[in-house]
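Enquirer: To start, I am sharing the structure in question, which I have written as structure tokens.
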Amino acid sequence: MAAEIERKFLVKEGWRPQANVRIAQGYLSTVPERTVRVRIKGEKGYLTVKGRNAGIRRAEYEYEIPLADAEAMLELCEQPLIEKRRYLVPCEGYTWEVDVFAGANEGLIVAEIELPAEDTPFEKPAWLGAEVSGDARYYNANLIRHPYRDWK
């Protein structure tokens, strides 16, 4: 079974933006047992199915799909769509994915690192803030129902 082991952190000042790609994504299903995501990343489309979180691990299956199909499927998704720019930041043998959100989630910046095992040690860059790995508010699937702009 494919698995995703990911830790997520808020981002403080001081990180240096690198090359980035625009991402638009929506959800066909956001029930806790499974999420079904449609994503356009740059000029490619993807369909992703994720299982329920078990700590920082969960099942994940991702498939590239035709861009035209992804564009059409985004019209079927729950609203609002997630809009963000993703920056890839190499650090100590890993690549951090820093997501700068726009639209309904503007102002939110999070960094994620994918690990080979749950107990894998890694260096934390100085620009990392609080860890939010287990905080469901920061799951992209929840940001469509409870956008960051409404938290205050």
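Chain labels follow the order of the structure tokens: the first chain is A, the next B, and so on; residue numbering restarts at 1 in every chain, and ligands are counted from 1 in their shown order.
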Taking 2 positions as the minimum chain separation for residues in the same chain, which residues sit within 9 Å of Val21 of chain A when counting only C-alpha atoms? Answer as a count of residues only.

Expert: 8

Enquirer: Using only C-alpha atoms, which protein or nucleic acid residues come within 10 Å of Ile82 of chain A? Drop anything in the same chain fewer than 2 positions from it, and give the result as a list in words.

Expert: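 Here the qualifying residues turn out to be Ile23, Ala24, Gln25, Gly26, Tyr27, Arg39, Glu78, Gln79, Pro80, Lys84, Phe101, Ala102, Gly103, Ala104, Asn105, Asn140, Ala141, Leu143, Ile144 and Pro147 of chain A.
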
Enquirer: Given the selection you just returned, output its residues as a file containing N, CA and C atoms, formatted as a tab-separated table (two decimals), in the first residue's frame.

Expert:
chain	number	residue	atom	x	y	z
A	23	ILE	N	-0.79	26.10	-7.91
A	23	ILE	CA	-1.62	24.92	-7.67
A	23	ILE	C	-3.06	25.36	-7.44
A	24	ALA	N	-3.99	24.70	-8.13
A	24	ALA	CA	-5.42	24.84	-7.86
A	24	ALA	C	-5.91	23.44	-7.55
A	25	GLN	N	-6.64	23.30	-6.47
A	25	GLN	CA	-7.14	21.97	-6.13
A	25	GLN	C	-8.50	22.05	-5.50
A	26	GLY	N	-9.24	20.98	-5.69
A	26	GLY	CA	-10.57	20.87	-5.13
A	26	GLY	C	-10.79	19.45	-4.65
A	27	TYR	N	-11.89	19.26	-3.93
A	27	TYR	CA	-12.19	17.97	-3.32
A	27	TYR	C	-13.54	17.46	-3.78
A	39	ARG	N	-6.27	18.02	-8.66
A	39	ARG	CA	-5.28	19.10	-8.58
A	39	ARG	C	-4.74	19.42	-9.95
A	78	GLU	N	-16.19	20.69	-4.29
A	78	GLU	CA	-16.68	21.59	-3.26
A	78	GLU	C	-15.96	22.93	-3.40
A	79	GLN	N	-16.63	23.99	-2.99
A	79	GLN	CA	-16.06	25.34	-3.12
A	79	GLN	C	-15.83	25.93	-1.74
A	80	PRO	N	-14.89	26.83	-1.55
A	80	PRO	CA	-14.01	27.36	-2.57
A	80	PRO	C	-12.86	26.39	-2.88
A	84	LYS	N	-2.96	28.15	-4.20
A	84	LYS	CA	-1.69	28.38	-3.51
A	84	LYS	C	-0.54	28.34	-4.49
A	101	PHE	N	-0.71	30.31	0.57
A	101	PHE	CA	-2.11	30.24	0.15
A	101	PHE	C	-2.61	31.59	-0.35
A	102	ALA	N	-3.59	31.53	-1.23
A	102	ALA	CA	-4.24	32.72	-1.79
A	102	ALA	C	-5.75	32.54	-1.64
A	103	GLY	N	-6.51	33.48	-2.18
A	103	GLY	CA	-7.96	33.37	-2.14
A	103	GLY	C	-8.49	33.37	-0.72
A	104	ALA	N	-9.38	32.45	-0.42
A	104	ALA	CA	-10.04	32.38	0.89
A	104	ALA	C	-9.07	32.03	2.02
A	105	ASN	N	-7.88	31.54	1.68
A	105	ASN	CA	-6.90	31.15	2.70
A	105	ASN	C	-5.65	32.03	2.69
A	140	ASN	N	-5.81	20.59	4.01
A	140	ASN	CA	-6.37	21.29	2.85
A	140	ASN	C	-7.85	21.00	2.68
A	141	ALA	N	-8.26	19.75	2.92
A	141	ALA	CA	-9.67	19.38	2.76
A	141	ALA	C	-10.56	20.16	3.73
A	143	LEU	N	-9.78	23.26	4.83
A	143	LEU	CA	-9.68	24.69	4.51
A	143	LEU	C	-10.75	25.15	3.52
A	144	ILE	N	-11.40	24.19	2.84
A	144	ILE	CA	-12.50	24.62	1.96
A	144	ILE	C	-13.75	24.92	2.76
A	147	PRO	N	-12.24	28.31	5.79
A	147	PRO	CA	-11.09	29.04	5.26
A	147	PRO	C	-10.36	29.83	6.34

Enquirer: Kindly provide the residues of segment 1-79 of chain A that approach segment 90-99 of chain A to within 10 Å, each paired with its closest atom pair and their distance in Å to one decimal, based on only C-alpha atoms, listed by chain and increasing number, as JSON lines.

Expert:
{"residue": "A:Lys8", "atom": "CA", "partner": "A:Glu97", "partner_atom": "CA", "distance": 9.5}
{"residue": "A:Phe9", "atom": "CA", "partner": "A:Val98", "partner_atom": "CA", "distance": 9.3}
{"residue": "A:Leu10", "atom": "CA", "partner": "A:Val98", "partner_atom": "CA", "distance": 9.3}
{"residue": "A:Val11", "atom": "CA", "partner": "A:Val98", "partner_atom": "CA", "distance": 8.0}
{"residue": "A:Trp15", "atom": "CA", "partner": "A:Val98", "partner_atom": "CA", "distance": 9.3}
{"residue": "A:Pro17", "atom": "CA", "partner": "A:Val98", "partner_atom": "CA", "distance": 8.6}
{"residue": "A:Gln18", "atom": "CA", "partner": "A:Pro90", "partner_atom": "CA", "distance": 9.3}
{"residue": "A:Asn20", "atom": "CA", "partner": "A:Val98", "partner_atom": "CA", "distance": 9.2}
{"residue": "A:Val21", "atom": "CA", "partner": "A:Asp99", "partner_atom": "CA", "distance": 9.8}
{"residue": "A:Arg22", "atom": "CA", "partner": "A:Asp99", "partner_atom": "CA", "distance": 9.8}
{"residue": "A:Ile23", "atom": "CA", "partner": "A:Asp99", "partner_atom": "CA", "distance": 9.3}

Enquirer: Can you measure atom CA of Lys44 of chain A to atom CA of Leu88 of chain A for me? One decimal in Å is fine.

Expert: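 Taking atom CA of Lys44 of chain A and atom CA of Leu88 of chain A, their separation equals 17.2 Å.
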
Enquirer: Taking only chain A into account, list the residues labelled helix (DSSP H, G or I) by DSSP (computed from the backbone), as a list in words.

Expert: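 Helix (DSSP H, G or I) assignments inside chain A correspond to Leu67, Ala68, Asp69, Ala70, Glu71, Ala72, Met73, Leu74, Gly103, Ala104, Asn105, Ala136, Arg137, Tyr138, Asn140, Ala141, Asn142, Leu143, Tyr148, Arg149 and Asp150 of chain A.
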
Enquirer: Save out the residues we just selected, all heavy atoms, as a compact mmCIF listing (two decimals), in the first residue's frame.

Expert:
# COMPACT_ATOMS: atom_id res chain seq x y z
N LEU A 67 -4.99 17.16 -18.41
CA LEU A 67 -5.26 18.50 -17.89
C LEU A 67 -6.71 18.90 -18.12
O LEU A 67 -7.36 19.45 -17.21
CB LEU A 67 -4.31 19.51 -18.53
CG LEU A 67 -4.46 20.96 -18.09
CD1 LEU A 67 -4.22 21.11 -16.59
CD2 LEU A 67 -3.49 21.84 -18.87
N ALA A 68 -7.26 18.61 -19.30
CA ALA A 68 -8.65 18.98 -19.59
C ALA A 68 -9.62 18.27 -18.64
O ALA A 68 -10.62 18.86 -18.21
CB ALA A 68 -9.00 18.65 -21.04
N ASP A 69 -9.33 17.02 -18.29
CA ASP A 69 -10.17 16.30 -17.33
C ASP A 69 -10.09 16.95 -15.95
O ASP A 69 -11.11 17.12 -15.27
CB ASP A 69 -9.76 14.83 -17.23
CG ASP A 69 -10.10 14.02 -18.46
OD1 ASP A 69 -10.71 14.57 -19.40
OD2 ASP A 69 -9.76 12.82 -18.48
N ALA A 70 -8.88 17.32 -15.53
CA ALA A 70 -8.72 17.97 -14.22
C ALA A 70 -9.48 19.29 -14.17
O ALA A 70 -10.15 19.60 -13.17
CB ALA A 70 -7.24 18.18 -13.92
N GLU A 71 -9.39 20.06 -15.25
CA GLU A 71 -10.12 21.34 -15.29
C GLU A 71 -11.62 21.12 -15.18
O GLU A 71 -12.31 21.83 -14.45
CB GLU A 71 -9.78 22.09 -16.59
CG GLU A 71 -8.36 22.61 -16.61
CD GLU A 71 -7.92 23.12 -17.96
OE1 GLU A 71 -8.52 22.74 -18.99
OE2 GLU A 71 -6.95 23.90 -18.00
N ALA A 72 -12.14 20.11 -15.88
CA ALA A 72 -13.58 19.81 -15.82
C ALA A 72 -13.97 19.31 -14.43
O ALA A 72 -15.03 19.68 -13.90
CB ALA A 72 -13.95 18.79 -16.90
N MET A 73 -13.14 18.47 -13.83
CA MET A 73 -13.46 17.92 -12.50
C MET A 73 -13.44 18.99 -11.42
O MET A 73 -14.21 18.90 -10.45
CB MET A 73 -12.48 16.80 -12.14
CG MET A 73 -12.76 15.51 -12.83
SD MET A 73 -11.70 14.22 -12.12
CE MET A 73 -11.10 13.47 -13.60
N LEU A 74 -12.59 20.02 -11.57
CA LEU A 74 -12.58 21.10 -10.58
C LEU A 74 -13.94 21.79 -10.51
O LEU A 74 -14.33 22.29 -9.45
CB LEU A 74 -11.48 22.12 -10.90
CG LEU A 74 -10.06 21.70 -10.52
CD1 LEU A 74 -9.07 22.77 -10.97
CD2 LEU A 74 -9.93 21.43 -9.04
N GLY A 103 -6.51 33.48 -2.18
CA GLY A 103 -7.96 33.37 -2.14
C GLY A 103 -8.49 33.37 -0.72
O GLY A 103 -8.07 34.17 0.11
N ALA A 104 -9.38 32.45 -0.42
CA ALA A 104 -10.04 32.38 0.89
C ALA A 104 -9.07 32.03 2.02
O ALA A 104 -9.39 32.21 3.19
CB ALA A 104 -11.17 31.35 0.85
N ASN A 105 -7.88 31.54 1.68
CA ASN A 105 -6.90 31.15 2.70
C ASN A 105 -5.65 32.03 2.69
O ASN A 105 -4.61 31.66 3.24
CB ASN A 105 -6.53 29.68 2.52
CG ASN A 105 -7.70 28.79 2.83
OD1 ASN A 105 -8.12 28.70 3.97
ND2 ASN A 105 -8.27 28.17 1.81
N ALA A 136 -6.26 19.31 12.53
CA ALA A 136 -7.13 19.13 11.36
C ALA A 136 -7.52 20.44 10.69
O ALA A 136 -7.86 20.45 9.51
CB ALA A 136 -8.39 18.36 11.76
N ARG A 137 -7.43 21.57 11.40
CA ARG A 137 -7.75 22.86 10.78
C ARG A 137 -6.86 23.14 9.57
O ARG A 137 -7.27 23.84 8.65
CB ARG A 137 -7.58 24.01 11.77
CG ARG A 137 -8.56 24.00 12.91
CD ARG A 137 -8.30 25.15 13.85
NE ARG A 137 -6.93 25.07 14.36
CZ ARG A 137 -6.30 26.08 14.95
NH1 ARG A 137 -6.88 27.25 15.09
NH2 ARG A 137 -5.07 25.92 15.40
N TYR A 138 -5.64 22.61 9.60
CA TYR A 138 -4.67 22.89 8.54
C TYR A 138 -4.72 21.89 7.40
O TYR A 138 -3.96 22.03 6.44
CB TYR A 138 -3.26 22.95 9.13
CG TYR A 138 -3.09 24.12 10.06
CD1 TYR A 138 -3.28 23.99 11.42
CD2 TYR A 138 -2.77 25.39 9.57
CE1 TYR A 138 -3.15 25.07 12.28
CE2 TYR A 138 -2.63 26.47 10.41
CZ TYR A 138 -2.82 26.30 11.77
OH TYR A 138 -2.69 27.37 12.61
N ASN A 140 -5.81 20.59 4.01
CA ASN A 140 -6.37 21.29 2.85
C ASN A 140 -7.85 21.00 2.68
O ASN A 140 -8.63 21.88 2.34
CB ASN A 140 -5.60 20.93 1.58
CG ASN A 140 -4.27 21.65 1.50
OD1 ASN A 140 -4.21 22.82 1.16
ND2 ASN A 140 -3.20 20.95 1.80
N ALA A 141 -8.26 19.75 2.92
CA ALA A 141 -9.67 19.38 2.76
C ALA A 141 -10.56 20.16 3.73
O ALA A 141 -11.72 20.44 3.42
CB ALA A 141 -9.85 17.88 2.96
N ASN A 142 -10.04 20.54 4.89
CA ASN A 142 -10.83 21.32 5.85
C ASN A 142 -10.80 22.81 5.55
O ASN A 142 -11.70 23.55 5.97
CB ASN A 142 -10.34 21.06 7.28
CG ASN A 142 -10.71 19.68 7.75
OD1 ASN A 142 -11.65 19.08 7.25
ND2 ASN A 142 -9.97 19.17 8.72
N LEU A 143 -9.78 23.26 4.83
CA LEU A 143 -9.68 24.69 4.51
C LEU A 143 -10.75 25.15 3.52
O LEU A 143 -10.99 26.34 3.40
CB LEU A 143 -8.28 25.02 3.98
CG LEU A 143 -7.16 24.98 5.01
CD1 LEU A 143 -5.80 25.12 4.34
CD2 LEU A 143 -7.35 26.06 6.08
N TYR A 148 -9.08 29.98 6.15
CA TYR A 148 -8.21 30.69 7.09
C TYR A 148 -8.71 32.11 7.36
O TYR A 148 -8.62 32.58 8.49
CB TYR A 148 -6.79 30.70 6.52
CG TYR A 148 -5.76 31.31 7.42
CD1 TYR A 148 -5.37 30.66 8.59
CD2 TYR A 148 -5.16 32.52 7.11
CE1 TYR A 148 -4.40 31.21 9.42
CE2 TYR A 148 -4.20 33.09 7.94
CZ TYR A 148 -3.84 32.42 9.09
OH TYR A 148 -2.89 32.97 9.90
N ARG A 149 -9.26 32.77 6.35
CA ARG A 149 -9.74 34.16 6.53
C ARG A 149 -10.83 34.25 7.60
O ARG A 149 -11.04 35.31 8.18
CB ARG A 149 -10.24 34.74 5.23
CG ARG A 149 -11.53 34.11 4.76
CD ARG A 149 -12.13 34.79 3.56
NE ARG A 149 -13.30 34.03 3.13
CZ ARG A 149 -13.68 33.87 1.88
NH1 ARG A 149 -12.99 34.43 0.92
NH2 ARG A 149 -14.74 33.17 1.60
N ASP A 150 -11.55 33.15 7.87
CA ASP A 150 -12.65 33.15 8.84
C ASP A 150 -12.19 32.78 10.25
O ASP A 150 -13.01 32.78 11.17
CB ASP A 150 -13.76 32.17 8.40
CG ASP A 150 -14.39 32.60 7.08
OD1 ASP A 150 -14.29 33.77 6.70
OD2 ASP A 150 -15.00 31.72 6.45

Enquirer: Could you give me, as an NGL selection string, each residue of segment 77-125 of chain A that DSSP assigns to strand (DSSP E) when run on this structure's backbone?

Expert: :A and (82-91 or 94-102 or 109-114)

Enquirer: Take the residues from that selection and put them in a file with N, CA, C and O atoms, as an mmCIF file, in the first residue's frame.

Expert:
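Written file, out-v2.cif:
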data_model
loop_
_atom_site.group_PDB
_atom_site.id
_atom_site.type_symbol
_atom_site.label_atom_id
_atom_site.label_comp_id
_atom_site.auth_asym_id
_atom_site.auth_seq_id
_atom_site.Cartn_x
_atom_site.Cartn_y
_atom_site.Cartn_z
ATOM 1 N N ILE A 82 -8.934 25.374 -3.336
ATOM 2 C CA ILE A 82 -7.689 25.755 -2.672
ATOM 3 C C ILE A 82 -6.778 26.352 -3.739
ATOM 4 O O ILE A 82 -6.540 25.743 -4.775
ATOM 5 N N GLU A 83 -6.295 27.561 -3.488
ATOM 6 C CA GLU A 83 -5.367 28.234 -4.382
ATOM 7 C C GLU A 83 -4.091 28.514 -3.606
ATOM 8 O O GLU A 83 -4.149 29.039 -2.488
ATOM 9 N N LYS A 84 -2.956 28.147 -4.204
ATOM 10 C CA LYS A 84 -1.695 28.382 -3.508
ATOM 11 C C LYS A 84 -0.539 28.339 -4.488
ATOM 12 O O LYS A 84 -0.678 27.850 -5.609
ATOM 13 N N ARG A 85 0.594 28.853 -4.033
ATOM 14 C CA ARG A 85 1.855 28.720 -4.751
ATOM 15 C C ARG A 85 2.738 27.823 -3.898
ATOM 16 O O ARG A 85 2.834 28.017 -2.685
ATOM 17 N N ARG A 86 3.376 26.855 -4.552
ATOM 18 C CA ARG A 86 4.252 25.923 -3.836
ATOM 19 C C ARG A 86 5.700 26.239 -4.186
ATOM 20 O O ARG A 86 6.075 26.309 -5.337
ATOM 21 N N TYR A 87 6.492 26.413 -3.130
ATOM 22 C CA TYR A 87 7.928 26.664 -3.249
ATOM 23 C C TYR A 87 8.667 25.435 -2.730
ATOM 24 O O TYR A 87 8.311 24.907 -1.670
ATOM 25 N N LEU A 88 9.671 24.989 -3.458
ATOM 26 C CA LEU A 88 10.482 23.858 -3.040
ATOM 27 C C LEU A 88 11.772 24.395 -2.439
ATOM 28 O O LEU A 88 12.513 25.131 -3.092
ATOM 29 N N VAL A 89 12.039 24.036 -1.166
ATOM 30 C CA VAL A 89 13.191 24.568 -0.448
ATOM 31 C C VAL A 89 14.053 23.405 0.030
ATOM 32 O O VAL A 89 13.695 22.700 0.973
ATOM 33 N N PRO A 90 15.202 23.159 -0.639
ATOM 34 C CA PRO A 90 16.088 22.078 -0.198
ATOM 35 C C PRO A 90 16.764 22.432 1.128
ATOM 36 O O PRO A 90 17.140 23.590 1.357
ATOM 37 N N CYS A 91 16.886 21.418 1.990
ATOM 38 C CA CYS A 91 17.510 21.646 3.297
ATOM 39 C C CYS A 91 17.952 20.303 3.887
ATOM 40 O O CYS A 91 17.106 19.432 4.134
ATOM 41 N N TYR A 94 16.635 16.966 2.423
ATOM 42 C CA TYR A 94 15.193 16.879 2.186
ATOM 43 C C TYR A 94 14.746 18.111 1.406
ATOM 44 O O TYR A 94 15.449 19.123 1.366
ATOM 45 N N THR A 95 13.571 18.027 0.829
ATOM 46 C CA THR A 95 12.986 19.182 0.156
ATOM 47 C C THR A 95 11.703 19.555 0.878
ATOM 48 O O THR A 95 10.776 18.752 0.951
ATOM 49 N N TRP A 96 11.686 20.741 1.433
ATOM 50 C CA TRP A 96 10.488 21.272 2.068
ATOM 51 C C TRP A 96 9.579 21.831 1.001
ATOM 52 O O TRP A 96 10.030 22.505 0.082
ATOM 53 N N GLU A 97 8.285 21.568 1.126
ATOM 54 C CA GLU A 97 7.280 22.167 0.265
ATOM 55 C C GLU A 97 6.607 23.266 1.066
ATOM 56 O O GLU A 97 5.925 22.988 2.061
ATOM 57 N N VAL A 98 6.840 24.508 0.668
ATOM 58 C CA VAL A 98 6.257 25.657 1.363
ATOM 59 C C VAL A 98 5.088 26.145 0.525
ATOM 60 O O VAL A 98 5.258 26.535 -0.633
ATOM 61 N N ASP A 99 3.889 26.101 1.113
ATOM 62 C CA ASP A 99 2.672 26.520 0.427
ATOM 63 C C ASP A 99 2.231 27.885 0.936
ATOM 64 O O ASP A 99 1.975 28.057 2.128
ATOM 65 N N VAL A 100 2.159 28.837 0.002
ATOM 66 C CA VAL A 100 1.683 30.181 0.294
ATOM 67 C C VAL A 100 0.281 30.261 -0.296
ATOM 68 O O VAL A 100 0.110 30.273 -1.515
ATOM 69 N N PHE A 101 -0.713 30.305 0.573
ATOM 70 C CA PHE A 101 -2.109 30.241 0.151
ATOM 71 C C PHE A 101 -2.609 31.588 -0.345
ATOM 72 O O PHE A 101 -2.141 32.641 0.082
ATOM 73 N N ALA A 102 -3.592 31.532 -1.233
ATOM 74 C CA ALA A 102 -4.242 32.715 -1.787
ATOM 75 C C ALA A 102 -5.748 32.540 -1.637
ATOM 76 O O ALA A 102 -6.214 31.565 -1.031
ATOM 77 N N ILE A 109 0.688 30.332 5.549
ATOM 78 C CA ILE A 109 1.891 29.764 4.942
ATOM 79 C C ILE A 109 2.290 28.549 5.779
ATOM 80 O O ILE A 109 2.503 28.671 6.992
ATOM 81 N N VAL A 110 2.372 27.386 5.139
ATOM 82 C CA VAL A 110 2.769 26.163 5.829
ATOM 83 C C VAL A 110 3.891 25.482 5.060
ATOM 84 O O VAL A 110 4.017 25.623 3.851
ATOM 85 N N ALA A 111 4.713 24.732 5.792
ATOM 86 C CA ALA A 111 5.799 23.949 5.208
ATOM 87 C C ALA A 111 5.582 22.490 5.562
ATOM 88 O O ALA A 111 5.244 22.170 6.709
ATOM 89 N N GLU A 112 5.761 21.626 4.581
ATOM 90 C CA GLU A 112 5.593 20.188 4.785
ATOM 91 C C GLU A 112 6.873 19.471 4.378
ATOM 92 O O GLU A 112 7.557 19.880 3.440
ATOM 93 N N ILE A 113 7.150 18.386 5.083
ATOM 94 C CA ILE A 113 8.272 17.520 4.745
ATOM 95 C C ILE A 113 7.758 16.091 4.722
ATOM 96 O O ILE A 113 7.033 15.675 5.630
ATOM 97 N N GLU A 114 8.084 15.365 3.657
ATOM 98 C CA GLU A 114 7.730 13.951 3.571
ATOM 99 C C GLU A 114 8.927 13.144 4.034
ATOM 100 O O GLU A 114 10.062 13.409 3.627
#
